$ cat run04.cif   # mmCIF, C-alpha atoms
data_run
loop_
_atom_site.label_atom_id
_atom_site.label_comp_id
_atom_site.auth_asym_id
_atom_site.auth_seq_id
_atom_site.Cartn_x
_atom_site.Cartn_y
_atom_site.Cartn_z
CA MET W 1208 -65.48 19.80 22.67
CA LEU W 1209 -61.84 20.10 23.58
CA ARG W 1210 -60.03 16.83 24.15
CA TYR W 1211 -58.11 18.41 27.03
CA GLN W 1212 -60.10 21.05 28.86
CA GLU W 1213 -58.57 21.62 32.25
CA ASN W 1214 -61.03 22.95 34.80
CA ASN W 1215 -58.93 22.49 37.92
CA GLU W 1216 -56.76 25.09 39.63
CA LEU W 1217 -54.48 26.97 37.27
CA HIS W 1218 -50.81 26.47 38.15
CA ARG W 1219 -48.89 29.14 36.26
CA ASP W 1220 -45.55 27.90 37.56
CA PHE W 1221 -45.46 25.44 34.65
CA HIS W 1222 -44.33 28.49 32.65
CA GLY W 1223 -41.15 28.59 34.74
CA THR W 1224 -40.54 24.88 34.26
CA THR W 1225 -41.14 25.12 30.52
CA ASN W 1226 -38.85 28.15 30.24
CA THR W 1227 -36.03 26.30 32.02
CA THR W 1228 -36.61 23.18 29.91
CA LEU W 1229 -36.35 25.13 26.64
CA ASN W 1230 -32.95 26.47 27.69
CA TYR W 1231 -31.75 23.08 28.94
CA ILE W 1232 -32.60 21.32 25.69
CA VAL W 1233 -30.84 23.96 23.57
CA GLU W 1234 -27.75 24.00 25.83
CA HIS W 1235 -27.41 20.19 25.79
CA TYR W 1236 -28.86 19.14 22.43
CA GLY W 1237 -29.14 22.23 20.23
CA VAL W 1238 -31.89 24.30 18.63
CA ASP W 1239 -32.68 21.67 15.99
CA ALA W 1240 -33.45 19.12 18.70
CA LEU W 1241 -35.72 21.63 20.43
CA LYS W 1242 -37.54 22.34 17.17
CA GLU W 1243 -38.05 18.61 16.61
CA ILE W 1244 -39.41 18.07 20.13
CA LEU W 1245 -41.77 21.04 19.92
CA HIS W 1246 -43.00 20.11 16.43
CA LYS W 1247 -43.65 16.53 17.57
CA THR W 1248 -45.47 17.85 20.63
CA GLY W 1249 -47.78 19.91 18.43
CA HIS W 1250 -48.31 16.95 16.12
CA ASP W 1251 -48.86 14.24 18.76
CA VAL W 1252 -50.13 15.91 21.93
CA TYR W 1253 -52.63 18.05 20.04
CA LYS W 1254 -53.63 15.12 17.85
CA SER W 1255 -57.36 15.78 18.03
CA ILE W 1256 -56.86 19.38 16.85
CA ARG W 1257 -54.63 18.17 14.01
CA GLU W 1258 -57.08 15.48 12.98
CA LYS W 1259 -59.88 18.02 12.73
CA LEU W 1260 -57.61 20.39 10.78
CA GLU W 1261 -56.90 17.50 8.38
CA LYS W 1262 -60.65 17.47 7.66
CA GLY W 1263 -60.71 21.25 7.25
CA ASP W 1264 -62.39 21.78 10.63
CA ALA W 1265 -60.67 24.46 12.72
CA SER W 1266 -63.30 24.49 15.50
CA GLU W 1267 -61.18 22.70 18.11
CA LEU W 1268 -58.16 24.91 17.39
CA ILE W 1269 -60.33 28.00 17.88
CA GLU W 1270 -61.81 26.58 21.08
CA HIS W 1271 -58.32 25.68 22.34
CA LEU W 1272 -56.95 29.19 21.77
CA ASN W 1273 -59.97 30.82 23.39
CA TRP W 1274 -60.07 28.46 26.37
CA PHE W 1275 -56.44 28.56 27.43
CA PHE W 1276 -55.79 32.25 26.90
CA HIS W 1277 -59.06 33.26 28.56
CA ARG W 1278 -58.20 30.97 31.46
CA GLU W 1279 -54.82 32.69 31.83
CA GLY W 1280 -56.43 36.13 31.77
CA ALA W 1281 -54.37 37.07 28.73
CA PRO W 1282 -55.52 40.00 26.63
CA TYR W 1283 -56.07 38.75 23.09
CA GLN W 1284 -58.17 39.17 19.99
CA LEU W 1285 -59.30 36.23 17.90
CA THR W 1286 -60.51 36.89 14.37
CA VAL W 1287 -61.89 33.95 12.41
CA LYS W 1288 -62.45 33.97 8.68
CA GLU W 1289 -63.08 31.04 6.38
CA ASP W 1290 -59.44 30.72 5.30
CA GLU W 1291 -57.62 32.49 8.15
CA ILE W 1292 -57.55 32.49 11.92
CA ARG W 1293 -55.73 35.48 13.35
CA PHE W 1294 -54.90 35.24 17.05
CA GLU W 1295 -53.30 38.38 18.45
CA VAL W 1296 -51.90 38.09 21.96
CA PHE W 1297 -51.29 41.53 23.43
CA GLU W 1298 -49.47 40.26 26.53
CA CYS W 1299 -48.02 36.75 26.61
CA PRO W 1300 -49.24 35.10 29.81
CA ALA W 1301 -46.05 33.04 30.09
CA HIS W 1302 -43.84 36.12 29.82
CA ARG W 1303 -46.03 37.98 32.32
CA HIS W 1304 -45.65 35.17 34.86
CA LEU W 1305 -41.91 34.77 34.32
CA LYS W 1306 -41.41 38.50 34.86
CA ALA W 1307 -43.47 38.30 38.06
CA LEU W 1308 -41.14 35.51 39.25
CA GLY W 1309 -38.08 37.57 38.29
CA LEU W 1310 -36.94 34.93 35.79
CA PRO W 1311 -35.30 35.77 32.47
CA ILE W 1312 -37.44 34.78 29.50
CA SER W 1313 -35.90 32.13 27.27
CA GLU W 1314 -34.96 33.42 23.85
CA HIS W 1315 -36.69 30.28 22.56
CA SER W 1316 -40.14 30.96 24.04
CA CYS W 1317 -41.62 32.18 20.74
CA LEU W 1318 -40.04 29.21 18.96
CA GLN W 1319 -42.11 27.05 21.28
CA THR W 1320 -45.31 28.65 19.99
CA SER W 1321 -44.34 28.60 16.32
CA GLU W 1322 -43.17 24.96 16.32
CA ILE W 1323 -46.11 23.61 18.31
CA ASN W 1324 -48.49 25.44 15.96
CA ALA W 1325 -46.60 24.06 12.94
CA GLY W 1326 -46.86 20.56 14.40
CA MET W 1327 -50.61 20.92 14.85
CA CYS W 1328 -50.90 21.94 11.19
CA ASP W 1329 -48.48 19.31 9.86
CA GLY W 1330 -50.12 17.23 7.13
CA THR W 1331 -53.27 19.37 7.12
CA GLN W 1332 -54.64 21.97 4.77
CA TRP W 1333 -53.58 24.63 7.30
CA GLU W 1334 -50.25 26.33 7.93
CA ALA W 1335 -49.17 28.46 10.86
CA SER W 1336 -46.98 31.52 11.18
CA LEU W 1337 -46.01 33.80 14.03
CA GLU W 1338 -45.37 37.53 13.81
CA LYS W 1339 -43.56 38.90 16.82
CA ILE W 1340 -44.65 42.52 17.41
CA ASP W 1341 -42.51 42.99 20.54
CA ASP W 1342 -41.28 40.84 23.42
CA ASP W 1343 -44.74 40.10 24.82
CA HIS W 1344 -47.01 40.81 21.84
CA CYS W 1345 -47.43 38.47 18.89
CA VAL W 1346 -49.85 37.47 16.18
CA GLN W 1347 -50.35 33.79 15.47
CA ILE W 1348 -51.84 33.23 12.04
CA PHE W 1349 -53.34 30.00 10.77
CA ARG W 1350 -54.07 30.05 7.02
CA ARG W 1351 -55.69 27.49 4.82
CA ARG W 1352 -53.11 26.40 2.25
CA THR W 1353 -53.94 27.17 -1.35
CA ALA W 1354 -54.09 24.23 -3.73
CA LYS W 1355 -51.15 24.03 -6.13
#

$ encode --input "run04.cif" --output "structure tokens"
Amino acid sequence: MLRYQENNELHRDFHGTTNTTLNYIVEHYGVDALKEILHKTGHDVYKSIREKLEKGDASELIEHLNWFFHREGAPYQLTVKEDEIRFEVFECPAHRHLKALGLPISEHSCLQTSEINAGMCDGTQWEASLEKIDDDHCVQIFRRRTAK
């Protein structure tokens, strides 16, 4: 069961606030500060996901991806294998909403995804990567690390 499973009204305007915040942090503190904040957010806010990943259990991560992207009405495909979770988002729901509002999309929006995912995987047997296909289409990949 997801630790945070919002069932109330969906307020997409948080995408606009997040977009503005990304730009503000970079303008005032730099990209490294933004990376640190996002990584820590993934590590701390998504603690229950990270703790399960530490034990090799990706079930809450999978549930999280399914829940929030389904809730946003985002077209995606989730493929789960024993050592890899491939999450392809065909149209980013944040980008879709920002375009509908007429707002420019922060150049750091994909960094948000990659750093939060990295933070969730930090200290676990999983690692995350992001392949940007185009502006609104990406593939998030979570792979089990190989033992050295």

$ resolve_selection --input "run04.cif" --expression "the PyMOL selection byres ((chain W and resi 1262-1268) around 8)" --output "number ranges by chain"
W: 1208-1209, 1255-1256, 1258-1261, 1269-1272, 1331-1333

$ closest_residue --input "run04.cif" --among "W:Leu1310, W:Ile1244, W:Cys1317, W:Leu1229" --to "Val1346 in chain W" --atoms "only C-alpha atoms"
W:Cys1317

$ atom_distance --input "run04.cif" --atom1 "CA of Val1233 in chain W" --atom2 "CA of Ser1321 in chain W"
16.0 Å

$ resolve_selection --input "run04.cif" --expression "the PyMOL selection byres ((chain W and resi 1290) around 6)" --output "PDB file with C-alpha atoms, in the coordinates of the input"
ATOM      1  CA  LYS W1288     -62.450  33.970   8.680  1.00  0.00           C
ATOM      2  CA  GLU W1289     -63.080  31.040   6.380  1.00  0.00           C
ATOM      3  CA  GLU W1291     -57.620  32.490   8.150  1.00  0.00           C
ATOM      4  CA  ARG W1350     -54.070  30.050   7.020  1.00  0.00           C
ATOM      5  CA  ARG W1351     -55.690  27.490   4.820  1.00  0.00           C
TER       6      ARG W1351
END

$ residues_around --input "run04.cif" --residues "Asp1251 in chain W" --least-positions-apart "4" --cutoff "8 Å" --atoms "all atoms listed in the file" --output "short mmCIF file (atom, residue, chain, number, x, y, z; two decimals) with C-alpha atoms, in the frame of the given file"
data_model
loop_
_atom_site.label_atom_id
_atom_site.label_comp_id
_atom_site.auth_asym_id
_atom_site.auth_seq_id
_atom_site.Cartn_x
_atom_site.Cartn_y
_atom_site.Cartn_z
CA LYS W 1247 -43.65 16.53 17.57
CA GLY W 1326 -46.86 20.56 14.40
CA MET W 1327 -50.61 20.92 14.85
#

$ atom_distance --input "run04.cif" --atom1 "CA of Arg1303 in chain W" --atom2 "CA of Thr1228 in chain W"
17.7 Å

$ closest_residue --input "run04.cif" --among "W:Thr1320, W:Thr1353, W:Ser1313, W:Gln1347" --to "Ile1232 in chain W" --atoms "all atoms listed in the file"
W:Ser1313

$ residues_near_point --input "run04.cif" --point "(-52.5, 31.6, 25.8)" --cutoff "8 Å" --atoms "all atoms listed in the file" --output "PyMOL selection string"
chain W and resi 1272-1273+1275-1277+1279+1281+1296+1299-1301

$ atom_distance --input "run04.cif" --atom1 "CA of Phe1294 in chain W" --atom2 "CA of Asp1329 in chain W"
18.6 Å

$ residues_around --input "run04.cif" --residues "Ile1348 in chain W" --least-positions-apart "2" --cutoff "6 Å" --atoms "all atoms listed in the file" --output "list in words"
Ile1292, Arg1293, Ala1335 and Ser1336 of chain W

$ residues_around --input "run04.cif" --residues "His1344 in chain W" --least-positions-apart "6" --cutoff "10 Å" --atoms "only C-alpha atoms" --output "count of residues only"
9
